[in-house]
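K.L.:
target.txt is the file, holding compact mmCIF, C-alpha atoms:
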# COMPACT_ATOMS: atom_id res chain seq x y z
CA MET A 1 167.54 -169.86 33.71
CA ASN A 2 167.27 -173.26 32.04
CA GLN A 3 170.90 -172.97 30.96
CA ILE A 4 171.98 -172.23 34.55
CA GLU A 5 169.98 -175.20 35.84
CA SER A 6 171.53 -177.46 33.21
CA TRP A 7 175.03 -176.28 34.11
CA LEU A 8 174.40 -176.80 37.82
CA THR A 9 172.99 -180.27 37.20
CA SER A 10 176.15 -181.20 35.32
CA LEU A 11 178.26 -179.79 38.16
CA SER A 12 176.23 -181.77 40.69
CA ASN A 13 176.78 -184.98 38.71
CA LEU A 14 180.50 -184.21 38.64
CA VAL A 15 180.70 -183.55 42.40
CA TRP A 16 178.65 -186.65 43.24
CA GLY A 17 180.50 -188.84 40.75
CA PRO A 18 182.16 -192.18 41.50
CA HIS A 19 185.25 -190.50 42.96
CA LEU A 20 183.29 -188.98 45.86
CA LEU A 21 181.34 -192.16 46.54
CA ILE A 22 184.59 -194.16 46.54
CA LEU A 23 186.15 -191.63 48.91
CA LEU A 24 183.15 -191.75 51.25
CA VAL A 25 182.93 -195.54 51.39
CA GLY A 26 186.70 -195.98 51.31
CA THR A 27 187.12 -193.70 54.33
CA GLY A 28 184.47 -195.71 56.16
CA ILE A 29 186.22 -199.00 55.36
CA PHE A 30 189.61 -197.59 56.41
CA LEU A 31 188.23 -196.33 59.75
CA THR A 32 186.29 -199.55 60.32
CA VAL A 33 189.46 -201.62 60.02
CA ARG A 34 191.68 -199.19 61.95
CA LEU A 35 189.17 -199.00 64.83
CA GLY A 36 188.72 -202.77 64.99
CA PHE A 37 185.10 -202.82 63.76
CA ILE A 38 184.00 -200.54 66.55
CA GLN A 39 180.44 -200.38 65.17
CA VAL A 40 180.12 -204.05 66.18
CA THR A 41 182.27 -204.32 69.29
CA ARG A 42 181.02 -201.14 71.00
CA LEU A 43 177.50 -200.73 69.62
CA GLY A 44 175.92 -201.89 72.88
CA VAL A 45 177.91 -199.32 74.85
CA GLY A 46 176.82 -196.57 72.47
CA LEU A 47 173.14 -197.49 72.78
CA LYS A 48 173.46 -197.61 76.57
CA GLU A 49 175.13 -194.19 76.70
CA ALA A 50 172.46 -192.69 74.44
CA PHE A 51 169.25 -194.11 75.87
CA ILE A 52 169.82 -195.17 79.48
CA PRO A 53 169.81 -192.16 81.85
CA LYS A 54 172.52 -192.08 84.46
CA PRO A 55 173.51 -189.70 87.27
CA GLU A 56 175.26 -186.54 86.06
CA GLN A 57 179.01 -186.60 86.34
CA PRO A 58 180.94 -183.93 88.20
CA LYS A 59 180.42 -180.59 86.44
CA LYS A 60 184.13 -179.83 86.35
CA LYS A 61 184.56 -182.80 83.98
CA GLN A 62 181.74 -181.80 81.63
CA ARG A 63 181.49 -179.17 78.94
CA GLY A 64 178.65 -178.66 76.51
CA ASP A 65 175.22 -177.15 76.02
CA ILE A 66 172.95 -180.18 75.56
CA SER A 67 172.80 -183.80 76.75
CA HIS A 68 174.11 -186.85 74.85
CA PHE A 69 170.51 -187.75 74.01
CA GLN A 70 169.63 -184.24 72.80
CA ALA A 71 172.76 -184.13 70.64
CA LEU A 72 171.78 -187.47 69.09
CA MET A 73 168.20 -186.28 68.53
CA THR A 74 169.42 -183.02 66.96
CA ALA A 75 171.60 -185.01 64.55
CA LEU A 76 168.74 -187.43 63.84
CA ALA A 77 166.40 -184.48 63.31
CA ALA A 78 168.66 -183.29 60.51
CA THR A 79 169.20 -186.71 58.91
CA VAL A 80 165.87 -188.53 59.32
CA GLY A 81 163.96 -186.72 56.59
CA THR A 82 162.93 -186.99 52.99
CA GLY A 83 165.94 -189.22 52.28
CA ASN A 84 164.38 -192.00 54.33
CA MET A 85 161.23 -192.05 52.20
CA VAL A 86 161.90 -190.24 48.94
CA GLY A 87 165.60 -191.19 48.76
CA VAL A 88 165.01 -194.91 49.32
CA ALA A 89 162.22 -194.96 46.74
CA THR A 90 164.43 -193.16 44.20
CA ALA A 91 167.32 -195.57 44.85
CA ILE A 92 165.08 -198.59 44.17
CA VAL A 93 163.63 -197.08 40.98
CA LEU A 94 167.03 -196.10 39.56
CA GLY A 95 169.21 -198.90 40.96
CA GLY A 96 166.75 -201.73 41.50
CA PRO A 97 165.93 -203.53 44.79
CA GLY A 98 169.64 -204.32 45.20
CA ALA A 99 170.30 -200.64 45.93
CA VAL A 100 168.94 -201.23 49.43
CA VAL A 101 171.70 -203.76 50.11
CA TRP A 102 174.31 -201.15 49.19
CA MET A 103 172.56 -198.65 51.45
CA TRP A 104 173.03 -201.14 54.29
CA LEU A 105 176.70 -201.73 53.47
CA SER A 106 177.47 -198.01 53.19
CA GLY A 107 175.56 -197.43 56.43
CA PHE A 108 177.58 -200.11 58.21
CA VAL A 109 180.96 -198.56 57.35
CA GLY A 110 179.41 -195.11 57.78
CA MET A 111 178.97 -195.85 61.49
CA ALA A 112 182.76 -195.82 61.88
CA THR A 113 182.94 -192.55 59.92
CA LYS A 114 180.31 -190.97 62.15
CA TYR A 115 182.20 -192.15 65.23
CA ALA A 116 185.44 -190.54 64.02
CA GLU A 117 183.68 -187.28 63.13
CA ALA A 118 182.18 -186.98 66.59
CA ILE A 119 185.41 -187.78 68.44
CA LEU A 120 187.26 -185.04 66.57
CA ALA A 121 184.37 -182.58 66.93
CA VAL A 122 184.36 -182.90 70.72
CA LYS A 123 188.15 -182.94 71.07
CA TYR A 124 188.70 -179.73 69.10
CA ARG A 125 185.57 -177.78 70.10
CA VAL A 126 185.84 -174.27 71.52
CA VAL A 127 183.73 -171.85 73.57
CA ASP A 128 182.37 -168.95 71.51
CA GLU A 129 181.84 -165.29 72.41
CA ARG A 130 178.49 -166.04 74.05
CA GLY A 131 179.85 -168.87 76.17
CA GLU A 132 178.30 -171.56 73.96
CA ILE A 133 180.13 -174.56 72.53
CA ALA A 134 181.21 -174.41 68.88
CA GLY A 135 182.65 -177.40 67.05
CA GLY A 136 182.65 -179.44 63.90
CA PRO A 137 184.89 -180.11 60.88
CA MET A 138 185.94 -176.44 60.55
CA TYR A 139 187.49 -176.58 64.03
CA TYR A 140 189.25 -179.92 63.73
CA LEU A 141 190.53 -178.93 60.30
CA GLU A 142 191.94 -175.71 61.77
CA HIS A 143 193.16 -176.85 65.19
CA GLY A 144 193.80 -180.54 64.52
CA LEU A 145 195.02 -180.66 60.93
CA LYS A 146 196.36 -177.07 61.10
CA LYS A 147 194.70 -176.26 57.77
CA LYS A 148 192.39 -173.32 58.43
CA TRP A 149 191.72 -172.82 54.73
CA LEU A 150 190.08 -176.25 54.62
CA GLY A 151 187.97 -175.28 57.62
CA VAL A 152 186.90 -172.10 55.84
CA LEU A 153 185.98 -174.06 52.71
CA PHE A 154 183.87 -176.50 54.72
CA ALA A 155 182.09 -173.66 56.56
CA VAL A 156 181.28 -171.84 53.30
CA PHE A 157 179.87 -174.98 51.71
CA ALA A 158 177.84 -175.96 54.81
CA SER A 159 176.37 -172.50 55.46
CA VAL A 160 175.09 -172.34 51.86
CA ALA A 161 173.93 -175.97 51.64
CA ALA A 162 171.78 -175.51 54.75
CA PHE A 163 169.38 -173.21 52.89
CA GLY A 164 168.68 -175.83 50.25
CA ILE A 165 168.99 -179.46 51.37
CA GLY A 166 168.17 -178.58 54.97
CA ASN A 167 165.52 -175.93 54.44
CA GLY A 168 163.80 -174.87 51.20
CA VAL A 169 163.73 -178.37 49.73
CA GLN A 170 162.31 -179.79 52.96
CA THR A 171 159.55 -177.19 53.43
CA ASN A 172 158.62 -177.56 49.77
CA SER A 173 158.18 -181.31 50.32
CA ILE A 174 155.92 -180.54 53.29
CA SER A 175 153.87 -178.07 51.27
CA LEU A 176 153.39 -180.39 48.30
CA ALA A 177 152.48 -183.35 50.52
CA LEU A 178 149.84 -181.37 52.43
CA ASN A 179 148.49 -179.85 49.22
CA ASN A 180 148.21 -183.22 47.47
CA SER A 181 146.71 -185.14 50.41
CA PHE A 182 144.64 -182.49 52.21
CA ASN A 183 144.37 -179.58 49.71
CA VAL A 184 146.16 -177.20 52.08
CA PRO A 185 147.16 -174.05 50.09
CA MET A 186 150.93 -173.77 49.71
CA VAL A 187 150.85 -170.14 50.87
CA VAL A 188 149.22 -171.19 54.14
CA THR A 189 151.84 -173.88 54.68
CA GLY A 190 154.58 -171.31 53.99
CA ILE A 191 153.28 -168.88 56.59
CA VAL A 192 152.87 -171.64 59.18
CA MET A 193 156.36 -172.97 58.45
CA MET A 194 157.90 -169.54 59.05
CA ALA A 195 156.04 -169.21 62.35
CA VAL A 196 156.84 -172.64 63.78
CA THR A 197 160.46 -172.49 62.58
CA ALA A 198 160.97 -169.07 64.16
CA PHE A 199 159.41 -170.25 67.42
CA VAL A 200 162.07 -172.93 67.84
CA ILE A 201 165.28 -171.70 66.22
CA LEU A 202 165.35 -168.19 67.65
CA GLY A 203 166.04 -169.87 71.00
CA GLY A 204 169.28 -171.42 69.73
CA VAL A 205 170.67 -174.92 70.17
CA LYS A 206 169.24 -175.42 73.67
CA SER A 207 165.75 -174.71 72.36
CA ILE A 208 166.29 -176.96 69.33
CA GLY A 209 167.70 -179.72 71.56
CA LYS A 210 164.69 -179.63 73.91
CA VAL A 211 162.13 -179.69 71.09
CA VAL A 212 163.72 -182.47 69.04
CA GLY A 213 164.46 -184.48 72.21
CA ILE A 214 160.69 -184.90 72.59
CA PHE A 215 159.64 -184.66 68.98
CA VAL A 216 162.05 -186.95 67.10
CA PRO A 217 161.61 -190.21 69.10
CA PHE A 218 157.83 -190.12 68.65
CA MET A 219 158.23 -189.22 64.98
CA ILE A 220 160.53 -192.18 64.29
CA PHE A 221 158.52 -194.64 66.40
CA ALA A 222 155.29 -193.72 64.56
CA TYR A 223 156.75 -194.35 61.10
CA VAL A 224 158.82 -197.39 62.08
CA GLY A 225 155.88 -198.76 64.08
CA SER A 226 153.62 -198.58 61.03
CA GLY A 227 156.28 -200.27 58.95
CA LEU A 228 156.75 -203.01 61.51
CA VAL A 229 153.00 -203.65 61.50
CA ILE A 230 153.23 -204.18 57.74
CA LEU A 231 156.21 -206.54 58.10
CA ILE A 232 154.63 -208.55 60.92
CA MET A 233 151.25 -208.82 59.17
CA ASN A 234 152.97 -209.96 55.97
CA LEU A 235 155.86 -211.92 57.43
CA GLU A 236 155.64 -214.52 54.67
CA LEU A 237 156.64 -211.85 52.11
CA VAL A 238 159.82 -210.76 53.92
CA PRO A 239 162.09 -213.68 52.82
CA GLY A 240 161.04 -213.13 49.20
CA ALA A 241 161.78 -209.39 49.42
CA LEU A 242 165.22 -210.04 50.91
CA SER A 243 165.92 -212.66 48.24
CA THR A 244 164.95 -210.16 45.52
CA MET A 245 167.26 -207.53 47.00
CA PHE A 246 170.30 -209.80 47.22
CA SER A 247 169.73 -211.63 43.94
CA SER A 248 169.35 -208.35 42.03
CA THR A 249 172.68 -207.29 43.52
CA PHE A 250 174.93 -210.33 43.33
CA SER A 251 173.42 -212.59 40.66
CA ALA A 252 175.36 -213.29 37.47
CA GLU A 253 172.62 -211.53 35.46
CA ALA A 254 172.91 -208.39 37.58
CA ILE A 255 176.70 -208.30 37.30
CA GLY A 256 176.73 -209.04 33.59
CA GLY A 257 173.90 -206.67 32.75
CA GLY A 258 175.28 -203.65 34.58
CA ALA A 259 172.61 -203.69 37.28
CA LEU A 260 175.30 -204.08 39.93
CA GLY A 261 176.87 -200.74 39.01
CA ALA A 262 173.52 -198.95 39.17
CA ALA A 263 172.70 -200.56 42.51
CA ILE A 264 176.04 -199.49 43.99
CA ARG A 265 175.83 -195.97 42.63
CA TYR A 266 172.31 -195.18 43.78
CA GLY A 267 172.37 -197.28 46.94
CA VAL A 268 175.54 -195.65 48.26
CA ALA A 269 174.56 -192.15 47.11
CA ARG A 270 171.09 -192.26 48.67
CA GLY A 271 172.42 -193.93 51.80
CA VAL A 272 174.91 -191.11 52.31
CA PHE A 273 172.21 -188.53 51.51
CA SER A 274 170.09 -190.07 54.24
CA ASN A 275 172.59 -190.62 57.09
CA GLU A 276 175.15 -187.92 56.08
CA ALA A 277 178.09 -190.04 57.29
CA GLY A 278 181.20 -188.30 56.00
CA LEU A 279 179.54 -185.04 54.99
CA GLY A 280 180.58 -183.39 58.26
CA SER A 281 177.20 -182.02 59.33
CA ALA A 282 176.30 -184.22 62.33
CA PRO A 283 179.56 -183.61 64.27
CA ILE A 284 178.49 -179.97 64.63
CA ALA A 285 175.67 -181.19 66.88
CA ALA A 286 177.87 -183.78 68.59
CA ALA A 287 180.29 -181.02 69.63
CA ALA A 288 177.56 -179.33 71.68
CA ALA A 289 176.98 -182.40 73.90
CA LYS A 290 177.77 -182.34 77.61
CA THR A 291 180.47 -184.96 77.93
CA ASP A 292 183.73 -185.65 79.71
CA PHE A 293 185.41 -187.74 76.99
CA PRO A 294 185.18 -187.38 73.19
CA GLY A 295 184.86 -191.16 72.92
CA ARG A 296 181.69 -191.21 74.99
CA GLN A 297 179.78 -188.90 72.65
CA ALA A 298 181.34 -190.58 69.61
CA LEU A 299 179.76 -193.92 70.57
CA VAL A 300 176.40 -192.16 70.93
CA SER A 301 176.76 -190.46 67.55
CA MET A 302 177.59 -193.79 65.93
CA THR A 303 174.10 -195.08 66.75
CA GLN A 304 172.59 -192.35 64.56
CA VAL A 305 173.48 -194.25 61.37
CA LEU A 306 172.07 -197.47 62.83
CA ILE A 307 168.72 -195.76 63.48
CA ASP A 308 168.60 -193.75 60.26
CA THR A 309 169.81 -196.21 57.63
CA LEU A 310 169.76 -199.69 59.09
CA ILE A 311 166.32 -199.27 60.70
CA VAL A 312 164.24 -196.44 59.18
CA CYS A 313 165.49 -196.82 55.58
CA SER A 314 165.15 -200.61 55.85
CA ILE A 315 161.47 -200.28 56.79
CA THR A 316 160.85 -198.16 53.70
CA GLY A 317 162.90 -200.40 51.40
CA LEU A 318 161.33 -203.67 52.52
CA THR A 319 157.80 -202.25 52.27
CA ILE A 320 158.41 -200.99 48.73
CA VAL A 321 159.95 -204.25 47.51
CA MET A 322 157.28 -206.39 49.21
CA SER A 323 154.48 -204.36 47.61
CA GLY A 324 155.97 -204.59 44.11
CA GLN A 325 154.80 -201.05 43.40
CA TYR A 326 158.24 -200.06 42.13
CA THR A 327 157.40 -201.86 38.88
CA GLU A 328 154.32 -199.67 38.28
CA GLY A 329 156.11 -196.56 37.05
CA LEU A 330 155.81 -194.68 40.33
CA GLU A 331 158.72 -192.78 41.88
CA GLY A 332 159.63 -190.58 44.84
CA ILE A 333 157.17 -190.06 47.66
CA ALA A 334 154.31 -191.37 45.48
CA LEU A 335 155.99 -194.79 45.43
CA THR A 336 156.35 -194.90 49.22
CA GLN A 337 152.76 -193.73 49.68
CA ALA A 338 151.45 -196.37 47.25
CA SER A 339 153.49 -199.10 48.95
CA PHE A 340 152.14 -198.31 52.41
CA ALA A 341 148.60 -197.94 50.97
CA TYR A 342 148.99 -201.36 49.30
CA PHE A 343 149.12 -202.98 52.75
CA LEU A 344 147.24 -200.53 54.99
CA GLY A 345 144.72 -198.97 52.62
CA PRO A 346 144.14 -195.18 52.46
CA ILE A 347 145.46 -194.78 56.02
CA GLY A 348 148.85 -195.92 54.73
CA GLU A 349 149.14 -192.90 52.43
CA ILE A 350 148.12 -190.58 55.25
CA ILE A 351 150.75 -192.08 57.58
CA VAL A 352 153.46 -191.49 54.97
CA THR A 353 152.27 -187.92 54.32
CA ILE A 354 152.18 -186.97 58.00
CA SER A 355 155.52 -188.69 58.62
CA LEU A 356 157.05 -186.75 55.73
CA VAL A 357 155.80 -183.48 57.23
CA PHE A 358 157.40 -184.17 60.60
CA PHE A 359 160.56 -185.72 59.16
CA ALA A 360 161.14 -182.75 56.87
CA TYR A 361 160.39 -180.19 59.58
CA SER A 362 162.83 -181.83 61.96
CA THR A 363 165.47 -181.60 59.21
CA VAL A 364 164.82 -177.85 58.95
CA LEU A 365 165.52 -177.47 62.69
CA GLY A 366 168.69 -179.56 62.72
CA TRP A 367 170.19 -177.97 59.63
CA CYS A 368 169.57 -174.45 60.92
CA TYR A 369 172.03 -175.18 63.72
CA TYR A 370 174.56 -176.64 61.28
CA GLY A 371 174.36 -173.64 58.96
CA GLU A 372 174.40 -171.13 61.80
CA ARG A 373 177.52 -172.63 63.38
CA SER A 374 179.26 -172.63 60.01
CA ALA A 375 178.35 -168.99 59.40
CA TYR A 376 179.55 -168.12 62.92
CA TYR A 377 182.92 -169.68 62.17
CA LEU A 378 183.28 -167.42 59.14
CA LEU A 379 181.88 -164.09 60.40
CA GLY A 380 181.47 -164.27 64.18
CA GLU A 381 178.56 -163.56 66.50
CA LYS A 382 177.15 -160.69 64.44
CA VAL A 383 175.94 -163.12 61.77
CA ILE A 384 173.82 -165.34 64.06
CA VAL A 385 170.56 -163.36 64.18
CA PRO A 386 170.59 -162.31 60.49
CA TYR A 387 171.30 -165.91 59.51
CA ARG A 388 168.35 -167.18 61.56
CA VAL A 389 166.01 -164.55 60.12
CA LEU A 390 167.07 -165.36 56.54
CA TYR A 391 166.68 -169.07 57.30
CA ILE A 392 163.12 -168.49 58.51
CA LEU A 393 162.27 -166.54 55.34
CA VAL A 394 163.69 -169.27 53.09
CA ALA A 395 161.60 -171.84 54.99
CA GLY A 396 158.47 -169.92 54.02
CA LEU A 397 159.52 -169.17 50.44
CA GLY A 398 160.52 -172.78 49.85
CA ALA A 399 157.06 -173.92 50.90
CA MET A 400 155.36 -171.44 48.56
CA THR A 401 157.30 -172.04 45.35
CA THR A 402 156.39 -174.62 42.72
CA ASN A 403 159.85 -174.99 41.13
CA LEU A 404 162.84 -175.81 43.31
CA ASN A 405 165.11 -177.22 40.63
CA LEU A 406 167.61 -174.37 40.96
CA ILE A 407 167.71 -174.60 44.77
CA TRP A 408 168.04 -178.40 44.57
CA SER A 409 170.96 -178.13 42.19
CA ILE A 410 172.83 -175.45 44.14
CA SER A 411 172.41 -177.15 47.50
CA ASP A 412 173.27 -180.57 46.04
CA VAL A 413 176.58 -179.21 44.78
CA PHE A 414 177.49 -177.53 48.08
CA ASN A 415 176.32 -180.56 50.07
CA GLY A 416 178.73 -182.77 48.15
CA LEU A 417 181.57 -180.25 48.37
CA MET A 418 181.25 -180.29 52.19
CA ALA A 419 182.40 -183.87 52.27
CA ILE A 420 185.77 -183.35 50.58
CA PRO A 421 187.57 -181.25 53.25
CA ASN A 422 185.88 -183.26 55.98
CA LEU A 423 187.08 -186.62 54.61
CA ILE A 424 190.60 -185.24 54.23
CA GLY A 425 190.51 -184.31 57.91
CA LEU A 426 189.21 -187.73 58.96
CA LEU A 427 191.91 -189.60 57.06
CA PHE A 428 194.83 -187.50 58.26
CA LEU A 429 193.55 -187.29 61.84
CA SER A 430 192.68 -190.98 62.14
CA GLY A 431 195.64 -191.43 64.52
CA VAL A 432 194.03 -188.92 66.90
CA VAL A 433 190.76 -190.88 66.68
CA VAL A 434 192.56 -194.11 67.62
CA ALA A 435 194.40 -192.42 70.51
CA GLU A 436 191.18 -190.91 71.90
CA THR A 437 189.45 -194.28 71.58
CA LYS A 438 192.18 -195.96 73.65
CA ARG A 439 191.99 -193.16 76.22
CA PHE A 440 188.27 -193.66 76.65
CA GLU A 441 188.65 -197.43 76.87
CA LEU A 442 190.97 -196.93 79.85
CA GLU A 443 188.35 -194.67 81.44
CA ARG A 444 185.64 -197.29 80.88
CA LYS A 445 187.79 -199.89 82.64
CA LYS A 446 188.20 -197.55 85.63
CA GLU A 447 184.44 -196.92 85.70
CA GLY A 448 183.84 -200.68 85.63
CA GLN A 449 186.26 -201.27 88.49
CA SER A 450 184.77 -198.49 90.63
CA SER A 451 181.22 -199.72 90.10
CA ALA A 452 182.26 -203.27 91.00
CA ALA A 453 184.01 -202.13 94.18
Just give me the structure of the file as structure tokens.

P.N.:
Amino acid sequence: MNQIESWLTSLSNLVWGPHLLILLVGTGIFLTVRLGFIQVTRLGVGLKEAFIPKPEQPKKKQRGDISHFQALMTALAATVGTGNMVGVATAIVLGGPGAVVWMWLSGFVGMATKYAEAILAVKYRVVDERGEIAGGPMYYLEHGLKKKWLGVLFAVFASVAAFGIGNGVQTNSISLALNNSFNVPMVVTGIVMMAVTAFVILGGVKSIGKVVGIFVPFMIFAYVGSGLVILIMNLELVPGALSTMFSSTFSAEAIGGGALGAAIRYGVARGVFSNEAGLGSAPIAAAAAKTDFPGRQALVSMTQVLIDTLIVCSITGLTIVMSGQYTEGLEGIALTQASFAYFLGPIGEIIVTISLVFFAYSTVLGWCYYGERSAYYLLGEKVIVPYRVLYILVAGLGAMTTNLNLIWSISDVFNGLMAIPNLIGLLFLSGVVVAETKRFELERKKEGQSSAA
């Protein structure tokens, strides 16, 4: 078993090597330039579409199963998770405070990637056997790029990765956190996880969308709110923390001593792990949104990276650097807990623990939909119920086990492999993204003229 784990770890390092990180960031830069920095010029429109309710448009113009907001919350449910607390802490330990800067930069260009993914997902989505919307990289690779084999590869990788990164690893984090902070037996957590997961996911995407539409905003506000309290109460420490981050990234000592390379590697890698821009998972949720134009949902999806990386991850990163606890030999969730406790006392650790529980559980819900849609693409409707049942069982088993190294390694490999066919599709279909963007801009002008009339 140790030999298998060692081999998988080596394979994971190979998959997540510099070539993939360059491809991920390079695609983001390419799309950013080709779309005219859309994450800056149209961010306000995206936020308005996502969070300001407006009268429903004529039903003949809309297709989809869930609202723009629910699609965004489903995607956030899958991405706002352990990466925002554990991933940021790991990036700082391995790459230094400067890793946070590279998380920001990768998140910035990742907004354009997320926009392109969503536009293609909505444009090439289909209606399945049950009358529900199905979309994502497998469909735009097949129908847009005309390369079904790439779509099949993506679906295989995603359906397997869901059991690890999106499920067993997450419930195990919940179980360990509750056991360490409140002495809750891992078996009890496992049973509860199976029950609450089954309660939501057996109802399908509409059930998931309704639950996370209520659940995720409160979850994020609670964690971010606590972080903002720390920043406001210790405002004098913020400039110093920012200075430490930038100086450890761009100073002559950092560049000469190799710290810059470590900061880039771990900052970009953990940023992508957190927001999933380029992996191809979030567009599966975007495809299910009720919308009349692909560009409308794409602008909404773009805001996901802003919330996940540029807000939630920033709160974690600043708190850790301000506390200085990263120099004490701590790592992972223990570092984030110690950093919050440094400013808020014992309640700080409890806030992080409870936030981790809800963040990880929301990831389990979001990734179930991703994996299920991928499995459906491969095997059809008959696989849906068995996939959900197996997913529920893995949620319980993941929470009960004490060693997830093998699951981590397998899912890490498949998670990285997902990105390759997806990025190929984004690059070769970038002309379609530009055309759809222009088409929606014309529609927005018409809407502006009609509202002014």

K.L.:
Excluding stretch 81-85 of chain A and residues on its chain fewer than 4 positions from it, collect all residues at most 6 Å away from it, counting all atoms listed in the file, and give them as an mmCIF file with C-alpha atoms, in the frame of the given file.

P.N.:
data_model
loop_
_atom_site.group_PDB
_atom_site.id
_atom_site.type_symbol
_atom_site.label_atom_id
_atom_site.label_comp_id
_atom_site.auth_asym_id
_atom_site.auth_seq_id
_atom_site.Cartn_x
_atom_site.Cartn_y
_atom_site.Cartn_z
ATOM 1 C CA SER A 274 170.090 -190.070 54.240
ATOM 2 C CA CYS A 313 165.490 -196.820 55.580
ATOM 3 C CA PHE A 359 160.560 -185.720 59.160
ATOM 4 C CA ALA A 360 161.140 -182.750 56.870
ATOM 5 C CA THR A 363 165.470 -181.600 59.210
#

K.L.:
Quick one: pull the distance between atom CA of A:Gly46 and atom CA of A:Gln297, Å, one decimal.

P.N.:
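That distance, rounded to one decimal, is 8.2 Å.
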
K.L.:
What lies within 12 Å of A:Val188 using all atoms listed in the file, ignoring chain neighbours under 3 positions off, as a PyMOL selection string?

P.N.:
chain A and resi 171+174-176+178-179+183-185+191-195+396-397+399-401

K.L.:
Find the axis-aligned box for stretch 343-346 of chain A, covering all its listed atoms and adding 3 Å on each side, and write its centre and edge lengths in Å to one decimal as lines of an AutoDock Vina configuration file.

P.N.:
center_x = 146.6
center_y = -199.1
center_z = 53.7
size_x = 11.0
size_y = 13.8
size_z = 8.5

K.L.:
Rounded to one decimal, what separation in Å do you get between atom CA of A:Glu381 and atom CA of A:Arg130?

P.N.:
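Computed distance, atom CA of A:Glu381 to atom CA of A:Arg130, equals 7.9 Å.
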